[in-house]
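A.B. asks: File structure16.cif below, mmCIF, C-alpha atoms:
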data_upload
loop_
_atom_site.label_atom_id
_atom_site.label_comp_id
_atom_site.auth_asym_id
_atom_site.auth_seq_id
_atom_site.Cartn_x
_atom_site.Cartn_y
_atom_site.Cartn_z
CA MET A 1 140.05 95.05 42.43
CA ARG A 2 137.15 92.78 42.21
CA GLN A 3 135.35 91.80 39.10
CA PRO A 4 131.60 91.41 39.21
CA THR A 5 130.46 87.81 39.16
CA PRO A 6 129.40 86.96 35.60
CA ALA A 7 125.72 86.27 34.93
CA SER A 8 126.50 82.80 33.61
CA GLN A 9 127.87 81.92 37.02
CA LEU A 10 125.16 83.70 38.98
CA TYR A 11 122.37 81.87 37.13
CA ALA A 12 124.15 78.51 36.70
CA TRP A 13 122.23 76.87 39.55
CA HIS A 14 118.87 78.06 38.15
CA ARG A 15 119.73 76.87 34.65
CA ALA A 16 120.72 73.45 35.99
CA THR A 17 117.41 73.20 37.86
CA MET A 18 115.47 74.11 34.73
CA ARG A 19 117.33 71.36 32.86
CA GLY A 20 116.08 68.90 35.45
CA GLU A 21 119.50 68.21 37.02
CA ALA A 22 118.38 68.75 40.66
CA PRO A 23 121.45 70.60 42.02
CA GLN A 24 121.87 70.78 45.79
CA ILE A 25 120.01 73.34 47.83
CA HIS A 26 122.03 74.88 50.67
CA ASP A 27 120.07 76.56 53.42
CA GLY A 28 121.07 80.22 53.70
CA LEU A 29 122.74 80.27 50.28
CA PRO A 30 120.13 81.53 47.81
CA GLU A 31 120.82 81.33 44.09
CA CYS A 32 119.87 83.92 41.51
CA GLY A 33 116.92 83.13 39.32
CA TRP A 34 113.13 83.25 39.09
CA TYR A 35 110.91 81.46 41.52
CA ARG A 36 107.44 81.14 42.86
CA THR A 37 106.11 80.59 46.37
CA ARG A 38 103.05 81.01 48.52
CA MET A 39 103.17 83.42 51.44
CA VAL A 40 100.42 81.55 53.33
CA LYS A 41 98.99 78.04 53.06
CA GLY A 42 96.34 78.02 50.34
CA GLY A 43 97.41 81.47 49.22
CA PRO A 44 98.08 82.60 45.66
CA TRP A 45 101.34 82.11 43.78
CA VAL A 46 103.76 84.96 44.35
CA ALA A 47 106.51 85.55 41.82
CA VAL A 48 109.95 86.02 43.39
CA GLU A 49 113.14 87.08 41.68
CA ILE A 50 116.48 86.58 43.40
CA LYS A 51 119.13 88.83 42.02
CA ILE A 52 122.45 90.36 42.80
CA VAL A 53 122.63 93.95 43.95
CA ARG A 54 126.05 95.53 43.42
CA GLU A 55 127.73 98.76 42.58
CA VAL A 56 130.07 98.79 39.66
CA ASP A 57 132.47 101.51 38.66
CA LEU A 58 131.47 102.32 35.10
CA ASN A 59 134.97 103.38 34.18
CA THR A 60 136.85 100.35 35.41
CA GLY A 61 134.08 97.80 35.44
CA GLU A 62 135.06 96.74 38.92
CA LEU A 63 133.02 96.36 42.02
CA THR A 64 133.00 99.32 44.34
CA GLY A 65 131.31 97.38 47.14
CA PRO A 66 130.22 93.92 48.13
CA GLU A 67 127.73 91.97 46.06
CA SER A 68 124.55 91.10 47.95
CA VAL A 69 121.72 88.79 47.09
CA VAL A 70 118.19 90.16 47.44
CA ALA A 71 114.76 88.80 46.74
CA VAL A 72 112.19 90.93 44.98
CA VAL A 73 108.77 89.80 46.22
CA ASP A 74 105.73 91.54 44.94
CA GLY A 75 107.83 94.51 43.96
CA GLN A 76 109.52 94.76 47.36
CA LYS A 77 113.12 93.96 48.14
CA ARG A 78 113.59 91.52 50.97
CA ARG A 79 116.32 89.34 52.40
CA ALA A 80 116.57 86.22 50.29
CA GLU A 81 118.00 83.86 52.93
CA PRO A 82 114.78 83.33 54.99
CA LEU A 83 112.74 82.70 51.83
CA TRP A 84 115.22 80.52 50.02
CA THR A 85 114.06 77.05 51.10
CA TYR A 86 110.43 77.88 50.38
CA LEU A 87 111.00 78.81 46.75
CA GLU A 88 110.26 76.69 43.68
CA ALA A 89 112.35 77.44 40.59
CA ILE A 90 110.39 78.44 37.49
CA SER A 91 111.27 79.76 34.07
CA ARG A 92 111.44 83.45 33.37
CA GLU A 93 108.37 83.18 31.14
CA GLU A 94 106.38 81.57 33.91
CA TYR A 95 107.56 84.31 36.31
CA ALA A 96 106.17 86.92 33.89
CA ALA A 97 102.98 84.91 33.44
CA ILE A 98 102.31 84.86 37.19
CA ILE A 99 102.69 88.61 37.37
CA GLU A 100 100.42 89.06 34.36
CA ARG A 101 97.89 86.58 35.71
CA ARG A 102 97.22 88.81 38.72
CA GLU A 103 95.37 91.16 36.41
CA SER A 104 92.91 88.53 35.28
CA ILE A 105 92.59 86.83 38.69
CA PRO A 106 92.10 89.65 41.23
CA ALA A 107 92.19 87.22 44.18
CA MET A 108 95.90 86.74 43.53
CA ALA A 109 96.59 90.31 44.63
CA ALA A 110 95.96 89.39 48.27
CA THR A 111 99.22 87.50 48.73
CA HIS A 112 98.70 86.82 52.45
CA ALA A 113 95.15 85.51 52.21
CA ARG A 114 93.99 82.02 51.34
CA ILE A 115 92.28 81.87 47.98
CA ASP A 116 88.74 80.56 48.23
CA LEU A 117 88.15 79.07 44.78
CA SER A 118 84.51 78.37 45.66
CA LEU A 119 83.59 82.07 45.76
CA GLU A 120 84.15 82.87 42.10
CA PRO A 121 84.37 80.20 39.40
CA MET A 122 87.53 80.24 37.30
CA ARG A 123 86.67 80.88 33.68
CA PRO A 124 88.76 79.83 30.63
CA MET B 1 18.71 97.66 68.37
CA ASN B 2 16.13 97.51 65.63
CA ASP B 3 13.44 97.94 68.24
CA ASP B 4 14.46 101.60 68.53
CA LEU B 5 13.54 102.21 64.90
CA PRO B 6 10.01 103.22 63.92
CA ASP B 7 9.60 100.27 61.59
CA HIS B 8 11.81 97.86 63.66
CA GLY B 9 14.28 97.61 60.74
CA ARG B 10 11.73 96.12 58.37
CA PRO B 11 10.09 98.07 55.51
CA ARG B 12 6.37 98.37 55.68
CA THR B 13 4.50 97.47 52.57
CA ASP B 14 1.08 98.53 53.69
CA ASN B 15 1.66 102.26 53.47
CA LEU B 16 3.33 102.66 50.08
CA PRO B 17 1.95 105.08 47.49
CA GLU B 18 0.28 103.54 44.49
CA GLY B 19 2.65 102.24 41.88
CA MET B 20 5.66 102.05 44.21
CA THR B 21 7.34 98.85 45.39
CA ALA B 22 9.26 98.30 48.61
CA LEU B 23 12.91 99.33 48.45
CA PRO B 24 15.64 96.83 49.55
CA VAL B 25 16.79 97.04 53.16
CA LEU B 26 20.38 98.24 53.55
CA PRO B 27 22.62 96.44 56.11
CA MET B 28 22.95 98.23 59.39
CA ALA B 29 26.19 100.14 60.05
CA ILE B 30 28.59 98.19 62.29
CA SER B 31 31.12 99.42 64.82
CA ASP B 32 34.88 99.72 64.06
CA GLU B 33 35.60 96.81 66.39
CA ASP B 34 33.24 94.52 64.56
CA ALA B 35 34.63 95.70 61.23
CA ALA B 36 38.18 94.82 62.32
CA ILE B 37 37.10 91.35 63.46
CA GLU B 38 35.27 90.74 60.20
CA LEU B 39 38.26 91.92 58.16
CA ALA B 40 40.62 89.62 60.10
CA LYS B 41 38.31 86.66 59.46
CA ARG B 42 38.20 87.37 55.75
CA VAL B 43 41.98 87.77 55.51
CA ALA B 44 42.49 84.50 57.41
CA ALA B 45 40.04 82.74 55.12
CA ALA B 46 41.88 84.06 52.03
CA GLY B 47 45.17 82.38 52.98
CA LYS B 48 48.12 82.34 55.35
CA THR B 49 49.24 85.66 56.72
CA GLN B 50 52.48 84.40 58.34
CA PRO B 51 55.61 83.40 56.37
CA GLU B 52 55.88 79.67 55.82
CA ASP B 53 57.96 77.86 58.39
CA LEU B 54 60.74 76.34 56.25
CA PRO B 55 62.77 73.35 57.45
CA TYR B 56 66.04 74.90 56.24
CA ASP B 57 67.94 78.20 56.32
CA ALA B 58 66.35 79.97 53.36
CA ASP B 59 68.92 82.79 53.20
CA LYS B 60 71.89 80.43 53.02
CA ALA B 61 70.11 78.18 50.53
CA PHE B 62 69.44 81.16 48.30
CA ALA B 63 73.05 82.36 48.56
CA PHE B 64 74.33 78.89 47.61
CA ARG B 65 71.91 78.77 44.70
CA LEU B 66 73.39 81.99 43.32
CA ARG B 67 76.94 80.64 43.64
CA VAL B 68 76.03 77.33 42.01
CA ASN B 69 74.40 79.24 39.15
CA ALA B 70 77.63 81.17 38.66
CA PHE B 71 79.58 77.91 38.49
CA SER B 72 77.08 76.47 36.02
CA ASP B 73 77.52 79.50 33.83
CA ALA B 74 81.31 79.15 33.98
CA ALA B 75 81.01 75.43 33.18
CA GLY B 76 79.14 76.42 30.03
CA ALA B 77 82.06 78.66 29.07
CA TRP B 78 84.46 75.75 29.63
CA LYS B 79 82.34 73.42 27.51
CA ASP B 80 82.33 75.99 24.73
CA ILE B 81 86.12 75.79 24.33
CA LYS B 82 85.82 71.99 23.98
CA THR B 83 89.53 71.12 24.45
CA ILE B 84 92.36 72.52 26.55
CA ARG B 85 95.03 74.12 24.38
CA SER B 86 97.64 75.48 26.77
CA ASN B 87 99.19 74.83 30.15
CA GLU B 88 97.66 78.03 31.51
CA GLN B 89 94.18 76.91 30.47
CA ALA B 90 94.81 73.56 32.13
CA GLU B 91 95.81 75.30 35.36
CA ARG B 92 92.71 77.47 35.23
CA LEU B 93 90.62 74.34 34.76
CA THR B 94 92.27 72.88 37.85
CA ASP B 95 91.20 75.97 39.82
CA PHE B 96 87.65 75.64 38.47
CA LEU B 97 87.48 71.96 39.48
CA ARG B 98 88.85 72.61 42.95
CA GLY B 99 86.48 75.54 43.41
CA ALA B 100 83.49 73.43 42.37
CA GLN B 101 84.56 70.65 44.73
CA ALA B 102 85.01 73.09 47.61
CA LEU B 103 81.58 74.63 46.94
CA SER B 104 80.02 71.17 46.78
CA LYS B 105 81.52 70.39 50.17
CA GLN B 106 80.19 73.62 51.67
CA VAL B 107 76.69 72.99 50.28
CA ASP B 108 76.74 69.47 51.66
CA GLU B 109 77.85 70.70 55.08
CA GLN B 110 74.97 73.18 55.15
CA ARG B 111 72.59 70.44 54.04
CA MET B 112 73.72 68.21 56.90
CA ALA B 113 73.49 71.08 59.39
CA ASP B 114 69.92 71.91 58.29
CA LYS B 115 68.92 68.28 58.29
CA LYS B 116 70.47 67.45 61.67
CA PRO B 117 67.57 68.51 63.91
CA TRP B 118 65.14 66.57 61.71
CA ASN B 119 67.39 63.50 61.75
CA GLU B 120 67.53 63.71 65.54
CA ARG B 121 63.74 63.89 65.73
CA ALA B 122 63.40 60.98 63.31
CA ASP B 123 65.90 58.97 65.36
CA ARG B 124 63.87 59.62 68.48
CA VAL B 125 60.72 58.38 66.76
CA GLN B 126 62.57 55.29 65.55
CA ALA B 127 63.96 54.67 69.02
CA VAL B 128 60.44 54.57 70.42
CA TYR B 129 58.79 52.39 67.80
CA LYS B 130 61.52 50.16 66.36
CA PRO B 131 62.07 48.06 69.52
CA LEU B 132 58.33 47.40 69.69
CA ILE B 133 58.20 46.23 66.08
CA ASP B 134 61.36 44.13 66.52
CA THR B 135 59.92 42.48 69.62
CA LEU B 136 56.71 41.62 67.80
CA ASP B 137 58.59 40.30 64.76
CA LEU B 138 60.78 38.11 66.97
CA MET B 139 57.76 36.75 68.83
CA ALA B 140 55.98 36.04 65.54
CA ALA B 141 59.02 34.15 64.26
CA TRP B 142 59.10 31.96 67.38
CA MET B 143 55.36 31.29 67.19
CA LYS B 144 55.51 30.50 63.48
CA ARG B 145 58.16 27.84 64.19
CA MET B 146 55.94 26.36 66.88
CA ALA B 147 52.94 26.46 64.55
CA GLY B 148 54.95 24.82 61.79
CA ASP B 149 55.99 21.97 64.08
CA TRP B 150 52.37 21.42 65.17
CA MET B 151 51.00 21.45 61.63
CA GLN B 152 53.69 19.07 60.43
CA ALA B 153 52.79 16.64 63.23
CA GLU B 154 49.09 16.99 62.39
CA LYS B 155 49.77 16.36 58.73
CA GLU B 156 51.67 13.17 59.55
CA ARG B 157 48.95 12.02 61.89
CA LYS B 158 46.24 12.60 59.30
CA ALA B 159 48.29 10.83 56.65
CA ALA B 160 48.69 7.83 58.96
CA GLU B 161 44.98 7.83 59.76
CA ALA B 162 44.07 8.09 56.11
CA ALA B 163 46.40 5.24 55.22
CA ALA B 164 44.87 3.09 57.95
CA ALA B 165 41.36 3.99 56.81
CA LYS B 166 42.18 3.17 53.21
CA LYS B 167 43.63 -0.17 54.23
CA LYS B 168 40.56 -0.99 56.26
CA ALA B 169 38.29 0.09 53.41
CA ALA B 170 40.24 -2.10 50.99
CA GLU B 171 39.95 -5.09 53.34
CA GLU B 172 36.21 -4.53 53.75
CA ALA B 173 35.80 -4.19 50.00
CA ALA B 174 37.66 -7.46 49.51
CA ALA B 175 35.52 -9.17 52.18
CA ALA B 176 32.35 -7.78 50.59
CA ALA B 177 33.44 -9.02 47.17
CA ALA B 178 34.12 -12.48 48.60
CA GLU B 179 30.72 -12.52 50.30
CA LEU B 180 29.04 -11.41 47.10
CA ALA B 181 30.71 -14.20 45.18
CA ARG B 182 29.62 -16.72 47.82
CA ALA B 183 26.02 -15.39 47.79
CA GLU B 184 25.90 -15.54 44.00
CA ALA B 185 27.16 -19.10 44.04
CA ALA B 186 24.54 -20.03 46.67
CA ASN B 187 21.78 -18.03 44.88
CA ASP B 188 21.36 -16.15 48.19
CA ALA B 189 19.55 -12.99 47.11
CA VAL B 190 19.55 -11.43 50.59
CA GLY B 191 23.21 -12.23 50.97
CA MET B 192 23.91 -10.64 47.60
CA ILE B 193 22.09 -7.45 48.56
CA GLU B 194 23.93 -7.22 51.89
CA ALA B 195 27.29 -7.87 50.23
CA GLU B 196 26.58 -5.21 47.64
CA ALA B 197 25.72 -2.73 50.41
CA LYS B 198 28.94 -3.55 52.25
CA ARG B 199 30.96 -3.06 49.04
CA ALA B 200 29.34 0.34 48.50
CA GLU B 201 30.08 1.29 52.11
CA ALA B 202 33.73 0.23 51.71
CA ALA B 203 34.02 2.32 48.53
CA ASN B 204 32.62 5.39 50.35
CA ALA B 205 35.03 4.87 53.23
CA ALA B 206 37.93 4.71 50.75
CA LYS B 207 36.76 7.95 49.13
CA ALA B 208 36.47 9.67 52.51
CA ALA B 209 39.99 8.54 53.45
CA GLU B 210 41.30 9.88 50.14
CA LYS B 211 39.60 13.23 50.73
CA ALA B 212 40.91 13.48 54.32
CA GLU B 213 44.44 12.82 53.11
CA LYS B 214 44.28 15.66 50.56
CA GLU B 215 42.81 18.18 53.01
CA LYS B 216 45.19 21.08 53.85
CA THR B 217 46.44 21.24 57.39
CA LYS B 218 45.76 24.58 59.02
CA MET B 219 45.32 26.22 62.41
CA GLY B 220 42.02 28.00 62.78
CA SER B 221 41.20 30.99 64.94
CA ALA B 222 40.01 30.32 68.51
CA SER B 223 37.91 33.46 68.66
CA GLY B 224 37.02 33.68 65.01
CA GLY B 225 38.63 37.08 64.73
CA GLY B 226 42.00 35.89 63.39
CA ARG B 227 42.92 34.65 59.93
CA ALA B 228 43.82 30.94 59.85
CA VAL B 229 47.49 29.94 59.76
CA SER B 230 48.37 27.35 57.17
CA MET B 231 51.48 25.77 55.72
CA ARG B 232 52.86 27.24 52.52
CA THR B 233 55.16 25.29 50.23
CA GLN B 234 58.38 27.18 49.52
CA ALA B 235 60.71 25.82 46.85
CA PHE B 236 64.49 26.28 47.11
CA ALA B 237 67.52 24.95 45.28
CA VAL B 238 70.05 22.52 46.70
CA ILE B 239 73.32 23.09 44.87
CA GLU B 240 74.74 19.64 44.24
CA SER B 241 77.51 20.74 41.87
CA GLN B 242 78.84 24.29 42.32
CA ASN B 243 80.76 24.11 39.07
CA ALA B 244 77.78 23.01 36.99
CA CYS B 245 75.62 25.67 38.63
CA TYR B 246 78.25 28.36 37.94
CA MET B 247 78.53 27.29 34.30
CA HIS B 248 74.81 27.70 33.95
CA PHE B 249 74.77 31.22 35.41
CA ARG B 250 78.20 32.45 34.33
CA ASP B 251 76.84 34.87 31.69
CA HIS B 252 74.41 36.44 34.13
CA PRO B 253 75.24 40.16 34.72
CA LYS B 254 75.07 39.74 38.52
CA VAL B 255 77.65 36.96 38.43
CA LYS B 256 79.99 39.11 36.32
CA GLU B 257 79.58 42.01 38.75
CA VAL B 258 80.47 39.85 41.73
CA LEU B 259 83.50 38.37 39.95
CA GLN B 260 84.74 41.82 38.88
CA ALA B 261 84.38 43.19 42.42
CA LEU B 262 86.23 40.22 43.94
CA ALA B 263 89.00 40.38 41.32
CA ASP B 264 89.43 44.17 41.78
CA GLU B 265 89.74 43.69 45.54
CA ALA B 266 92.34 40.94 45.10
CA VAL B 267 94.44 42.93 42.59
CA ARG B 268 94.41 46.05 44.80
CA GLY B 269 95.54 43.81 47.67
CA GLY B 270 98.50 42.64 45.64
CA ASN B 271 97.23 39.26 44.42
CA VAL B 272 96.25 38.46 40.85
CA PRO B 273 93.62 35.70 40.82
CA PRO B 274 93.74 32.92 38.18
CA GLY B 275 92.26 33.93 34.87
CA CYS B 276 92.98 37.62 35.52
CA LYS B 277 95.80 40.05 34.83
CA ARG B 278 96.63 43.36 36.47
CA ASP B 279 95.97 46.53 34.50
CA GLU B 280 95.94 50.21 35.35
CA ARG B 281 94.07 53.28 34.16
CA LYS B 282 94.47 56.99 34.88
CA VAL B 283 91.52 59.01 36.11
CA ALA B 284 91.41 62.72 36.96
CA ALA B 285 91.17 63.20 40.72
#
Rewrite the coordinates I just gave you, this time as structure tokens.
C.D. replies:
Amino acid sequence: MRQPTPASQLYAWHRATMRGEAPQIHDGLPECGWYRTRMVKGGPWVAVEIKIVREVDLNTGELTGPESVVAVVDGQKRRAEPLWTYLEAISREEYAAIIERRESIPAMAATHARIDLSLEPMRP
Amino acid sequence: MNDDLPDHGRPRTDNLPEGMTALPVLPMAISDEDAAIELAKRVAAAGKTQPEDLPYDADKAFAFRLRVNAFSDAAGAWKDIKTIRSNEQAERLTDFLRGAQALSKQVDEQRMADKKPWNERADRVQAVYKPLIDTLDLMAAWMKRMAGDWMQAEKERKAAEAAAAKKKAAEEAAAAAAELARAEAANDAVGMIEAEAKRAEAANAAKAAEKAEKEKTKMGSASGGGRAVSMRTQAFAVIESQNACYMHFRDHPKVKEVLQALADEAVRGGNVPPGCKRDERKVAA
């Protein structure tokens, strides 16, 4: 009988970071939250969400399997551990803004290519 | 060719009907070859037929011009909003600035690449001619020093000669005056006339010595083809009191610039000079 980990606990590290408390980062132990990173040097910001994937019995509310941490990068699920130390914590609003910004800045869609800001001027 | 024609290419005027005048002579038909040559000459005379040989890559320059125009247009849009109102706008402005800086760097790199062969050619020209000019300038400097020494010595010699001549003239004038007085006392008319003549001669000698002393010392041309070399008086200041001199010039803009530059250098090196304090300002970079 295992209870799912509550959201307050899952996102405690991220909340502490957003408050400016600088909690410790442990390699290989990703924390749930919203982040940004670059896939290549000089590349565009890529929004990353680290979340828990688990199966819960709706009747009992208990876990039916192990909880696993995954990263959702550009709509794709990936292992979070290799990415963890390259991520920069951001607020949920900023996460949404990065995703929305890709529509107004087409160059951001090429996540594995350096952005050449000299090709097209950024407009207000 | 005209010899084959009945009238040798010229209209006859002696066999025209009454009332008619000679018609103008039309130019003879020319061959296609001659026509092509004539056409080429006229085209060449009208202007250049080959594209101008430009000293830069015209295609790349044109492409950069288009990109710079796009940035100028975007800069106009930024100026229209006047102030930044959100963090997202500020981040977009950062991207615009970085893009403009990157483009500027690319344009400058192309400029240097296009200019490089011309710089190399200019350097080769300089390498040939500069040593020659430097050698001549150095030789002229040596010779001018030598000429200066000579003219200074000449000037001193002439001054000494003039002083001696003046002294002699003064002595002769005094002797003539004494002789005149003696002749007058003795009612010696001949003596008086001679003494007067000697006094006049002494006065002329004094004048000549005065003139020789004032004459400018110069070195003439041996062949006549060169301009004379003479001494030129150059005034310069001898600073006897640095403090007094500084107080006189302290409000001069150049003095303030030098002081500011020296004080900035000292402060950035960690020392605050007397009369100054350290301050900081933020600039976008």
A.B. asks: Apply the PyMOL selection byres ((chain A) within 7 of (chain B)) to the file shown and report the selected residues as a VMD selection string.
C.D. replies: chain A and resid 117 to 118 121 to 124
A.B. asks: Quick one: residues within 8 Å of segment 69-86 of chain A, all atoms listed in the file counted, chain neighbours fewer than 4 positions away excluded, as a PyMOL selection string?
C.D. replies: chain A and resi 25+27-30+32+37+46-53
A.B. asks: Excluding Ile115 of chain A and its own-chain neighbours fewer than 4 positions away, which residues fall within 8 Å of it when counting all atoms listed in the file? Please give them as a ChimeraX atom specification.
C.D. replies: /A:42-44,107-108
A.B. asks: Decode the PyMOL selection byres ((chain A and resi 4-19) around 9) for the given file into explicit residues and return them as a PDB file with C-alpha atoms, in the frame of the given file.
C.D. replies:
ATOM      1  CA  ARG A   2     137.150  92.780  42.210  1.00  0.00           C
ATOM      2  CA  GLN A   3     135.350  91.800  39.100  1.00  0.00           C
ATOM      3  CA  GLY A  20     116.080  68.900  35.450  1.00  0.00           C
ATOM      4  CA  GLU A  21     119.500  68.210  37.020  1.00  0.00           C
ATOM      5  CA  ALA A  22     118.380  68.750  40.660  1.00  0.00           C
ATOM      6  CA  PRO A  23     121.450  70.600  42.020  1.00  0.00           C
ATOM      7  CA  GLN A  24     121.870  70.780  45.790  1.00  0.00           C
ATOM      8  CA  GLU A  31     120.820  81.330  44.090  1.00  0.00           C
ATOM      9  CA  CYS A  32     119.870  83.920  41.510  1.00  0.00           C
ATOM     10  CA  GLY A  33     116.920  83.130  39.320  1.00  0.00           C
ATOM     11  CA  TRP A  34     113.130  83.250  39.090  1.00  0.00           C
ATOM     12  CA  LYS A  51     119.130  88.830  42.020  1.00  0.00           C
ATOM     13  CA  ILE A  52     122.450  90.360  42.800  1.00  0.00           C
ATOM     14  CA  ARG A  54     126.050  95.530  43.420  1.00  0.00           C
ATOM     15  CA  GLU A  55     127.730  98.760  42.580  1.00  0.00           C
ATOM     16  CA  VAL A  56     130.070  98.790  39.660  1.00  0.00           C
ATOM     17  CA  GLY A  61     134.080  97.800  35.440  1.00  0.00           C
ATOM     18  CA  GLU A  62     135.060  96.740  38.920  1.00  0.00           C
ATOM     19  CA  LEU A  63     133.020  96.360  42.020  1.00  0.00           C
ATOM     20  CA  GLU A  67     127.730  91.970  46.060  1.00  0.00           C
ATOM     21  CA  ALA A  89     112.350  77.440  40.590  1.00  0.00           C
ATOM     22  CA  ILE A  90     110.390  78.440  37.490  1.00  0.00           C
ATOM     23  CA  SER A  91     111.270  79.760  34.070  1.00  0.00           C
TER      24      SER A  91
END
A.B. asks: Expand the PyMOL selection byres ((chain B and resi 147-150) around 12) into the explicit residue set it covers here, and present it as a VMD selection string.
C.D. replies: chain B and resid 140 to 146 151 to 157 217 to 220 228 to 233
A.B. asks: How many Å separate atom CA of Ala160 of chain B from atom CA of Lys214 of chain B?
C.D. replies: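 Computed distance, atom CA of Ala160 of chain B to atom CA of Lys214 of chain B, equals 12.3 Å.
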A.B. asks: What is the distance between atom CA of Ala209 of chain B and atom CA of Ala197 of chain B, in Å to one decimal?
C.D. replies: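 Computing it gives 18.4 Å between the two atoms.
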A.B. asks: Measure the distance from atom CA of Arg111 of chain B to atom CA of Pro131 of chain B in Å and round it to one decimal.
C.D. replies: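 These two atoms are separated by 29.2 Å.
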A.B. asks: Considering all atoms listed in the file, return as a short mmCIF file (atom, residue, chain, number, x, y, z; two decimals) with C-alpha atoms, keeping the file's coordinate frame whatever protein or nucleic-acid residues lie within 12 Å of Asp279 of chain B, sequence-local ones (same chain, fewer than 2 positions apart) excluded.
C.D. replies:
data_model
loop_
_atom_site.label_atom_id
_atom_site.label_comp_id
_atom_site.auth_asym_id
_atom_site.auth_seq_id
_atom_site.Cartn_x
_atom_site.Cartn_y
_atom_site.Cartn_z
CA ALA B 263 89.00 40.38 41.32
CA ASP B 264 89.43 44.17 41.78
CA VAL B 267 94.44 42.93 42.59
CA ARG B 268 94.41 46.05 44.80
CA VAL B 272 96.25 38.46 40.85
CA CYS B 276 92.98 37.62 35.52
CA LYS B 277 95.80 40.05 34.83
CA ARG B 281 94.07 53.28 34.16
CA LYS B 282 94.47 56.99 34.88
#
